[in-house]
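Next comes data_2.pdb, a file with PDB, C-alpha atoms.
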```
ATOM      1  CA  MET A   1      88.771 116.959  79.837
ATOM      2  CA  ALA A   2      89.142 119.300  82.820
ATOM      3  CA  ASP A   3      90.490 116.341  84.788
ATOM      4  CA  ILE A   4      93.398 116.014  82.390
ATOM      5  CA  MET A   5      94.230 119.727  82.655
ATOM      6  CA  LEU A   6      94.277 119.912  86.483
ATOM      7  CA  HIS A   7      97.628 119.664  88.254
ATOM      8  CA  LEU A   8      98.072 116.664  90.521
ATOM      9  CA  THR A   9      97.089 117.075  94.182
ATOM     10  CA  THR A  10      99.469 115.967  96.948
ATOM     11  CA  ASP A  11      97.281 112.891  97.481
ATOM     12  CA  GLU A  12      97.562 112.017  93.782
ATOM     13  CA  ILE A  13     101.334 112.496  93.848
ATOM     14  CA  GLU A  14     101.517 110.056  96.754
ATOM     15  CA  LEU A  15      99.380 107.593  94.788
ATOM     16  CA  TRP A  16     101.743 107.976  91.837
ATOM     17  CA  ALA A  17     104.776 107.343  94.068
ATOM     18  CA  GLN A  18     103.084 104.095  95.131
ATOM     19  CA  GLY A  19     102.257 103.162  91.538
ATOM     20  CA  LEU A  20      98.524 103.646  92.176
ATOM     21  CA  LEU A  21      97.704 106.756  90.153
ATOM     22  CA  PRO A  22      94.689 106.213  87.845
ATOM     23  CA  ALA A  23      95.617 106.156  84.157
ATOM     24  CA  ALA A  24      93.563 109.261  83.365
ATOM     25  CA  ARG A  25      95.651 111.345  85.761
ATOM     26  CA  ALA A  26      98.884 109.733  84.593
ATOM     27  CA  ILE A  27      98.192 111.304  81.188
ATOM     28  CA  HIS A  28      98.388 114.756  82.777
ATOM     29  CA  LEU A  29     101.613 113.828  84.553
ATOM     30  CA  ALA A  30     103.191 112.722  81.286
ATOM     31  CA  ASP A  31     102.414 116.095  79.717
ATOM     32  CA  CYS A  32     103.066 118.453  82.642
ATOM     33  CA  SER A  33     106.677 119.208  83.501
ATOM     34  CA  LEU A  34     105.634 121.104  86.671
ATOM     35  CA  CYS A  35     103.838 118.058  88.071
ATOM     36  CA  ARG A  36     106.660 115.726  87.015
ATOM     37  CA  VAL A  37     109.257 117.764  88.910
ATOM     38  CA  GLU A  38     107.027 117.930  91.982
ATOM     39  CA  ALA A  39     106.211 114.225  91.799
ATOM     40  CA  GLU A  40     109.868 113.235  91.465
ATOM     41  CA  ARG A  41     110.833 115.338  94.483
ATOM     42  CA  GLU A  42     108.026 113.766  96.495
ATOM     43  CA  ARG A  43     108.923 110.241  95.398
ATOM     44  CA  LYS A  44     112.528 110.786  96.442
ATOM     45  CA  ILE A  45     111.609 111.759  99.989
ATOM     46  CA  ILE A  46     109.048 108.936 100.317
ATOM     47  CA  LEU A  47     111.688 106.439  99.180
ATOM     48  CA  GLU A  48     114.157 107.726 101.757
ATOM     49  CA  LEU A  49     111.539 107.347 104.485
ATOM     50  CA  VAL A  50     110.415 103.885 103.412
ATOM     51  CA  GLN A  51     114.018 102.657 103.447
ATOM     52  CA  LEU A  52     114.735 103.800 107.007
ATOM     53  CA  PRO A  53     115.975 100.916 109.161
ATOM     54  CA  LYS A  54     114.148  99.453 112.155
ATOM     55  CA  PHE A  55     116.147  99.626 115.385
ATOM     56  CA  ALA A  56     116.212  96.961 118.077
ATOM     57  CA  PRO A  57     116.295  97.591 121.814
ATOM     58  CA  SER A  58     119.226  96.125 123.755
ATOM     59  CA  ALA A  59     119.484  92.395 124.521
ATOM     60  CA  GLY A  60     117.254  91.195 127.327
ATOM     61  CA  PHE A  61     114.555  93.793 126.637
ATOM     62  CA  ALA A  62     111.758  91.190 126.579
ATOM     63  CA  ASP A  63     112.963  89.684 129.867
ATOM     64  CA  ARG A  64     112.971  93.092 131.523
ATOM     65  CA  VAL A  65     109.420  93.694 130.322
ATOM     66  CA  MET A  66     108.198  90.248 131.333
ATOM     67  CA  ALA A  67     109.652  90.682 134.832
ATOM     68  CA  GLN A  68     107.155  93.487 135.401
ATOM     69  CA  VAL A  69     104.102  92.004 133.723
ATOM     70  CA  LYS A  70     101.248  90.459 135.661
ATOM     71  CA  ILE A  71      99.860  87.570 133.646
ATOM     72  CA  PRO A  72      96.140  86.890 134.120
ATOM     73  CA  THR A  73      95.219  83.387 135.290
ATOM     74  CA  ALA A  74      92.241  81.349 134.152
ATOM     75  CA  SER A  75      90.626  81.865 137.582
ATOM     76  CA  GLY A  76      90.644  85.641 137.031
ATOM     77  CA  GLY A  77      93.637  86.403 139.255
ATOM     78  CA  TRP A  78      97.192  87.312 138.316
ATOM     79  CA  GLN A  79     100.491  85.465 138.236
ATOM     80  CA  VAL A  80     103.532  87.724 138.539
TER      81      VAL A  80
ATOM     82  CA  MET B   1      97.810  85.936 119.715
ATOM     83  CA  VAL B   2      96.101  88.615 121.807
ATOM     84  CA  ALA B   3      93.264  86.240 122.658
ATOM     85  CA  TRP B   4      95.854  83.682 123.727
ATOM     86  CA  ALA B   5      97.597  86.293 125.886
ATOM     87  CA  LYS B   6      94.267  87.214 127.490
ATOM     88  CA  GLN B   7      93.957  83.583 128.589
ATOM     89  CA  GLY B   8      97.195  83.969 130.536
ATOM     90  CA  HIS B   9      99.766  82.280 128.311
ATOM     91  CA  ASP B  10     103.249  83.535 129.096
ATOM     92  CA  ALA B  11     104.449  82.527 125.603
ATOM     93  CA  ALA B  12     101.820  84.758 123.986
ATOM     94  CA  PHE B  13     102.999  87.753 126.016
ATOM     95  CA  ARG B  14     106.572  87.108 124.924
ATOM     96  CA  GLU B  15     105.496  86.746 121.304
ATOM     97  CA  LEU B  16     103.694  90.103 121.421
ATOM     98  CA  VAL B  17     106.868  91.733 122.765
ATOM     99  CA  ARG B  18     108.958  90.007 120.093
ATOM    100  CA  ARG B  19     106.621  91.143 117.281
ATOM    101  CA  TYR B  20     106.351  94.764 118.325
ATOM    102  CA  GLU B  21     109.599  95.607 120.122
ATOM    103  CA  ARG B  22     111.376  96.829 116.977
ATOM    104  CA  PRO B  23     108.611  99.018 115.520
ATOM    105  CA  VAL B  24     107.730 100.475 118.921
ATOM    106  CA  PHE B  25     111.347 101.079 119.900
ATOM    107  CA  SER B  26     112.160 102.572 116.470
ATOM    108  CA  LEU B  27     109.278 105.044 116.708
ATOM    109  CA  LEU B  28     110.273 106.080 120.227
ATOM    110  CA  TYR B  29     113.972 106.316 119.391
ATOM    111  CA  ARG B  30     113.251 108.629 116.454
ATOM    112  CA  MET B  31     110.895 110.674 118.609
ATOM    113  CA  VAL B  32     113.268 111.239 121.562
ATOM    114  CA  ARG B  33     116.676 110.566 119.885
ATOM    115  CA  ASP B  34     118.103 108.941 123.017
ATOM    116  CA  ARG B  35     118.568 105.167 123.098
ATOM    117  CA  ALA B  36     118.352 104.659 126.852
ATOM    118  CA  LEU B  37     115.314 106.900 127.178
ATOM    119  CA  ALA B  38     113.584 105.281 124.185
ATOM    120  CA  GLU B  39     114.153 101.896 125.793
ATOM    121  CA  ASP B  40     112.650 103.091 129.093
ATOM    122  CA  LEU B  41     109.615 104.453 127.253
ATOM    123  CA  ALA B  42     109.279 101.249 125.211
ATOM    124  CA  GLN B  43     109.427  99.191 128.400
ATOM    125  CA  GLU B  44     106.808 101.448 130.009
ATOM    126  CA  THR B  45     104.626 101.035 126.892
ATOM    127  CA  PHE B  46     104.780  97.228 126.866
ATOM    128  CA  ILE B  47     104.156  96.955 130.607
ATOM    129  CA  LYS B  48     101.096  99.206 130.291
ATOM    130  CA  VAL B  49      99.806  97.282 127.263
ATOM    131  CA  LEU B  50     100.400  93.798 128.640
ATOM    132  CA  ASN B  51      99.110  94.579 132.133
ATOM    133  CA  GLY B  52      96.019  96.069 130.543
ATOM    134  CA  ILE B  53      95.515  93.278 128.007
ATOM    135  CA  LYS B  54      92.148  92.331 129.549
ATOM    136  CA  SER B  55      90.778  95.760 128.665
ATOM    137  CA  TYR B  56      91.892  95.501 125.015
ATOM    138  CA  ARG B  57      88.950  95.761 122.614
ATOM    139  CA  PRO B  58      89.420  93.559 119.535
ATOM    140  CA  GLU B  59      87.560  95.977 117.242
ATOM    141  CA  PHE B  60      90.596  98.243 117.636
ATOM    142  CA  LYS B  61      93.783  97.141 115.843
ATOM    143  CA  PHE B  62      96.271  95.868 118.441
ATOM    144  CA  SER B  63      99.201  97.623 116.784
ATOM    145  CA  SER B  64      97.241 100.892 116.794
ATOM    146  CA  TRP B  65      96.654 100.504 120.517
ATOM    147  CA  ILE B  66     100.321  99.896 121.260
ATOM    148  CA  PHE B  67     101.498 102.756 119.011
ATOM    149  CA  LYS B  68      98.961 105.090 120.638
ATOM    150  CA  ILE B  69     100.409 104.345 124.086
ATOM    151  CA  ALA B  70     104.007 104.616 122.812
ATOM    152  CA  ASN B  71     103.341 107.902 121.039
ATOM    153  CA  ASN B  72     101.603 109.373 124.090
ATOM    154  CA  ALA B  73     104.609 108.399 126.213
ATOM    155  CA  ALA B  74     106.975 110.133 123.788
ATOM    156  CA  ILE B  75     104.864 113.281 123.417
ATOM    157  CA  ASP B  76     104.400 113.529 127.209
ATOM    158  CA  HIS B  77     108.140 113.226 127.677
ATOM    159  CA  LEU B  78     108.919 115.834 125.018
ATOM    160  CA  ARG B  79     106.403 118.255 126.495
ATOM    161  CA  ARG B  80     107.780 117.723 130.007
ATOM    162  CA  LYS B  81     111.361 118.203 128.976
ATOM    163  CA  SER B  82     110.696 120.728 126.199
ATOM    164  CA  ILE B  83     113.409 119.177 124.110
ATOM    165  CA  ASP B  84     111.362 119.085 120.920
ATOM    166  CA  THR B  85     113.281 121.950 119.372
ATOM    167  CA  LEU B  86     116.672 120.333 119.880
ATOM    168  CA  SER B  87     118.222 118.777 116.838
ATOM    169  CA  LEU B  88     121.510 117.756 115.396
ATOM    170  CA  ASP B  89     121.323 120.674 113.018
ATOM    171  CA  GLY B  90     120.420 123.412 115.459
ATOM    172  CA  ALA B  91     117.170 125.276 115.930
ATOM    173  CA  PRO B  92     115.077 125.730 112.786
ATOM    174  CA  SER B  93     115.404 129.514 113.188
ATOM    175  CA  ALA B  94     119.224 129.367 113.182
ATOM    176  CA  GLU B  95     120.609 130.882 109.988
ATOM    177  CA  THR B  96     124.301 131.559 110.465
ATOM    178  CA  ALA B  97     126.951 128.913 111.182
ATOM    179  CA  ASP B  98     127.420 130.351 114.695
ATOM    180  CA  GLN B  99     123.694 130.184 115.445
ATOM    181  CA  ILE B 100     123.508 126.611 114.182
ATOM    182  CA  ARG B 101     126.502 125.598 116.303
ATOM    183  CA  ALA B 102     125.079 127.323 119.370
ATOM    184  CA  THR B 103     121.716 125.563 119.120
ATOM    185  CA  SER B 104     122.909 122.127 117.978
ATOM    186  CA  LEU B 105     122.743 118.989 120.035
ATOM    187  CA  GLN B 106     126.438 118.372 120.609
ATOM    188  CA  LEU B 107     126.968 114.635 120.251
ATOM    189  CA  ASP B 108     130.725 115.164 120.430
ATOM    190  CA  SER B 109     130.459 116.400 123.978
ATOM    191  CA  ARG B 110     129.191 112.923 124.909
ATOM    192  CA  GLY B 111     131.797 111.320 122.727
ATOM    193  CA  GLU B 112     133.314 109.231 125.499
ATOM    194  CA  SER B 113     130.066 107.251 125.808
ATOM    195  CA  PRO B 114     129.797 104.193 123.537
ATOM    196  CA  LEU B 115     126.015 104.674 123.549
ATOM    197  CA  ALA B 116     126.414 108.205 122.174
ATOM    198  CA  GLU B 117     128.583 106.819 119.397
ATOM    199  CA  VAL B 118     125.894 104.257 118.518
ATOM    200  CA  GLU B 119     123.271 107.015 118.474
ATOM    201  CA  SER B 120     125.459 109.178 116.280
ATOM    202  CA  ARG B 121     125.948 106.316 113.815
ATOM    203  CA  GLU B 122     122.272 105.291 113.804
ATOM    204  CA  LEU B 123     120.665 108.739 113.701
ATOM    205  CA  GLY B 124     123.433 110.732 112.054
ATOM    206  CA  THR B 125     122.215 110.501 108.458
ATOM    207  CA  ALA B 126     120.742 113.520 106.683
ATOM    208  CA  ILE B 127     117.222 112.086 106.632
ATOM    209  CA  GLU B 128     117.303 111.231 110.362
ATOM    210  CA  GLY B 129     118.564 114.744 111.094
ATOM    211  CA  ALA B 130     115.751 116.215 109.024
ATOM    212  CA  ILE B 131     113.133 114.084 110.843
ATOM    213  CA  ALA B 132     114.504 115.359 114.155
ATOM    214  CA  ARG B 133     113.762 118.930 113.074
ATOM    215  CA  LEU B 134     110.046 118.245 112.574
ATOM    216  CA  ARG B 135     107.474 119.101 115.213
ATOM    217  CA  PRO B 136     106.771 115.958 117.299
ATOM    218  CA  GLU B 137     103.204 115.747 115.942
ATOM    219  CA  TYR B 138     104.495 115.773 112.363
ATOM    220  CA  ARG B 139     107.217 113.299 113.270
ATOM    221  CA  SER B 140     104.824 110.640 114.611
ATOM    222  CA  CYS B 141     102.489 111.024 111.631
ATOM    223  CA  ILE B 142     105.232 110.761 109.017
ATOM    224  CA  LEU B 143     106.878 107.787 110.767
ATOM    225  CA  LEU B 144     103.602 105.888 111.060
ATOM    226  CA  ARG B 145     102.766 106.652 107.418
ATOM    227  CA  HIS B 146     106.024 105.901 105.661
ATOM    228  CA  VAL B 147     108.050 103.739 108.059
ATOM    229  CA  GLU B 148     105.188 101.632 109.455
ATOM    230  CA  GLY B 149     103.055 101.831 106.304
ATOM    231  CA  TYR B 150      99.870 102.921 108.097
ATOM    232  CA  SER B 151      96.984 104.391 106.116
ATOM    233  CA  TYR B 152      95.822 107.919 106.875
ATOM    234  CA  GLU B 153      92.695 106.472 108.512
ATOM    235  CA  GLU B 154      94.736 104.175 110.778
ATOM    236  CA  ILE B 155      96.960 107.085 111.826
ATOM    237  CA  ALA B 156      93.898 109.199 112.615
ATOM    238  CA  GLU B 157      92.539 106.378 114.778
ATOM    239  CA  THR B 158      95.885 105.716 116.461
ATOM    240  CA  LEU B 159      96.677 109.327 117.276
ATOM    241  CA  ASP B 160      93.079 110.435 117.936
ATOM    242  CA  LEU B 161      93.312 113.124 115.266
ATOM    243  CA  PRO B 162      90.822 114.156 112.568
ATOM    244  CA  LEU B 163      91.656 112.640 109.168
ATOM    245  CA  GLY B 164      92.144 116.077 107.613
ATOM    246  CA  THR B 165      94.667 117.005 110.301
ATOM    247  CA  VAL B 166      96.643 113.836 109.653
ATOM    248  CA  LYS B 167      96.775 114.594 105.918
ATOM    249  CA  THR B 168      97.858 118.170 106.576
ATOM    250  CA  TYR B 169     100.575 117.087 109.037
ATOM    251  CA  ILE B 170     101.954 114.492 106.616
ATOM    252  CA  HIS B 171     102.004 116.833 103.636
ATOM    253  CA  ARG B 172     103.647 119.589 105.686
ATOM    254  CA  ALA B 173     106.143 117.131 107.138
ATOM    255  CA  ARG B 174     107.180 115.914 103.676
ATOM    256  CA  ASN B 175     107.527 119.503 102.463
ATOM    257  CA  GLU B 176     109.665 120.414 105.461
ATOM    258  CA  LEU B 177     111.824 117.308 105.041
ATOM    259  CA  ARG B 178     112.393 118.157 101.377
ATOM    260  CA  GLY B 179     113.326 121.694 102.349
ATOM    261  CA  TYR B 180     115.803 120.577 105.046
ATOM    262  CA  LEU B 181     117.413 118.011 102.750
ATOM    263  CA  GLU B 182     117.644 120.360  99.789
ATOM    264  CA  ASP B 183     119.212 123.054 102.028
ATOM    265  CA  ARG B 184     121.897 120.584 103.076
ATOM    266  CA  ARG B 185     122.623 119.598  99.492
ATOM    267  CA  ASP B 186     122.909 123.201  98.242
TER     268      ASP B 186
END
```
In structure tokens, write the structure found in this file.
Amino acid sequence: MADIMLHLTTDEIELWAQGLLPAARAIHLADCSLCRVEAERERKIILELVQLPKFAPSAGFADRVMAQVKIPTASGGWQV
Amino acid sequence: MVAWAKQGHDAAFRELVRRYERPVFSLLYRMVRDRALAEDLAQETFIKVLNGIKSYRPEFKFSSWIFKIANNAAIDHLRRKSIDTLSLDGAPSAETADQIRATSLQLDSRGESPLAEVESRELGTAIEGAIARLRPEYRSCILLRHVEGYSYEEIAETLDLPLGTVKTYIHRARNELRGYLEDRRD
């Protein structure tokens, strides 16, 4: 019973944002406007972060790296 | 792939660069907010990782190893240059419009550079500006958690931080981000 009365922790709000909140705690969320407001705010920021784009380095990046890498040989030496 | 690279296959090295260049570069770019510098640090990271591939221990996640080296490179740079308080929106302590203007990173002043224009377009959104205002330690934690999808445990392992510290940093970072974004919207 006490479980249902307790406000959601930040960990639980993150679980909820990921759709992983246990049903027993979801009952509290449905009834608690404080937790719902907090959870919605948290979900909004998590969504913005998750949707951030990945950036690519400029063309030829791999070649520039490979030019400075020493590749080990089967005999235990290095090929540059 | 790593085992193949350890045997000296050039193609495996290239594949490792191809797989990780975007996530590593993205993390570094958001940490230092300078494309050319992020690329130098990414290059330094890959060279260190690939030249040290023989010392890689398979019980450690390869991506954790590479992110650890990338993050250390970024943090070292930020500490050396003490630029961690710079942001597009001015110092966190700035309250008036004049204070914000005086402490802002002025992208316009570099406006003649095409690279500066790219940076402004890529990092000019409200959320990117808010991330830039976070302490570097918060920034790496929040990026690994929500951009790379790492678990708290993986972040703790990658950044050599206690699990509780990682949780605290991430919760504080999200709170600060919400605050910065809500301030802008008001």
Evaluate the ChimeraX specification (/B :<9) & /A and record the selected residues as JSON, numbers by chain, following the chain and residue labels used in the document.
{"A": [10, 11, 41, 42, 44, 45, 46, 47, 48, 49, 50, 51, 52, 53, 54, 55, 56, 57, 58, 61, 62, 63, 64, 65, 66, 68, 69, 70, 71, 72, 73, 74, 78, 79]}
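With the shown file loaded, the PyMOL selection byres ((chain A and resi 12) around 12) picks out A:Leu6, A:His7, A:Leu8, A:Thr9, A:Thr10, A:Asp11, A:Ile13, A:Glu14, A:Leu15, A:Trp16, A:Ala17, A:Gln18, A:Gly19, A:Leu20, A:Leu21, A:Pro22, A:Ala23, A:Ala24, A:Arg25, A:Ala26, A:His28, A:Leu29, A:Cys35, A:Arg36, A:Glu38, A:Ala39, A:Glu42, A:Arg43, B:His171.
Put simply, atom CA of Lys68 of chain B is 16.3 Å away from atom CA of Arg19 of chain B.
Every protein, DNA or RNA residue with an atom at most 10 Å from Asn72 of chain B, where only C-alpha atoms count and chain neighbours fewer than 5 positions away do not, is listed here: Leu41, Thr45, Ile66, Phe67, His77, Leu78 and Leu159 of chain B.
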Selection result of the PyMOL selection byres ((chain B and resi 135) around 10) on this file, as a count of residues only:
14
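One distance worth recording is that between atom CA of Ser113 of chain B and atom CA of Ala73 of chain B, which is 25.5 Å.
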Write segment 51-67 of chain B as an mmCIF file, keeping the file's coordinate frame, completed to N, CA and C atoms.
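Result file is result-v7.cif:
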```cif
data_model
loop_
_atom_site.group_PDB
_atom_site.id
_atom_site.type_symbol
_atom_site.label_atom_id
_atom_site.label_comp_id
_atom_site.auth_asym_id
_atom_site.auth_seq_id
_atom_site.Cartn_x
_atom_site.Cartn_y
_atom_site.Cartn_z
ATOM 1 N N ASN B 51 99.877 94.617 130.883
ATOM 2 C CA ASN B 51 99.110 94.579 132.133
ATOM 3 C C ASN B 51 97.653 94.991 131.922
ATOM 4 N N GLY B 52 97.396 95.663 130.806
ATOM 5 C CA GLY B 52 96.019 96.069 130.543
ATOM 6 C C GLY B 52 95.367 95.235 129.457
ATOM 7 N N ILE B 53 95.965 94.083 129.161
ATOM 8 C CA ILE B 53 95.515 93.278 128.007
ATOM 9 C C ILE B 53 94.035 92.889 128.126
ATOM 10 N N LYS B 54 93.550 92.734 129.370
ATOM 11 C CA LYS B 54 92.148 92.331 129.549
ATOM 12 C C LYS B 54 91.189 93.418 129.076
ATOM 13 N N SER B 55 91.669 94.664 129.080
ATOM 14 C CA SER B 55 90.778 95.760 128.665
ATOM 15 C C SER B 55 90.872 96.041 127.161
ATOM 16 N N TYR B 56 91.743 95.291 126.469
ATOM 17 C CA TYR B 56 91.892 95.501 125.015
ATOM 18 C C TYR B 56 90.608 95.120 124.282
ATOM 19 N N ARG B 57 90.169 96.030 123.398
ATOM 20 C CA ARG B 57 88.950 95.761 122.614
ATOM 21 C C ARG B 57 89.342 95.321 121.210
ATOM 22 N N PRO B 58 88.952 94.111 120.807
ATOM 23 C CA PRO B 58 89.420 93.559 119.535
ATOM 24 C C PRO B 58 88.974 94.336 118.295
ATOM 25 N N GLU B 59 87.965 95.205 118.421
ATOM 26 C CA GLU B 59 87.560 95.977 117.242
ATOM 27 C C GLU B 59 88.605 97.043 116.904
ATOM 28 N N PHE B 60 89.507 97.290 117.829
ATOM 29 C CA PHE B 60 90.596 98.243 117.636
ATOM 30 C C PHE B 60 91.829 97.432 117.266
ATOM 31 N N LYS B 61 92.591 97.884 116.253
ATOM 32 C CA LYS B 61 93.783 97.141 115.843
ATOM 33 C C LYS B 61 94.806 97.130 116.993
ATOM 34 N N PHE B 62 95.343 95.957 117.315
ATOM 35 C CA PHE B 62 96.271 95.868 118.441
ATOM 36 C C PHE B 62 97.478 96.777 118.248
ATOM 37 N N SER B 63 98.017 96.784 117.026
ATOM 38 C CA SER B 63 99.201 97.623 116.784
ATOM 39 C C SER B 63 98.873 99.107 116.951
ATOM 40 N N SER B 64 97.639 99.490 116.603
ATOM 41 C CA SER B 64 97.241 100.892 116.794
ATOM 42 C C SER B 64 97.228 101.241 118.277
ATOM 43 N N TRP B 65 96.735 100.292 119.067
ATOM 44 C CA TRP B 65 96.654 100.504 120.517
ATOM 45 C C TRP B 65 98.057 100.690 121.098
ATOM 46 N N ILE B 66 98.968 99.839 120.707
ATOM 47 C CA ILE B 66 100.321 99.896 121.260
ATOM 48 C C ILE B 66 101.062 101.154 120.780
ATOM 49 N N PHE B 67 100.851 101.535 119.513
ATOM 50 C CA PHE B 67 101.498 102.756 119.011
ATOM 51 C C PHE B 67 100.898 103.998 119.676
#
```
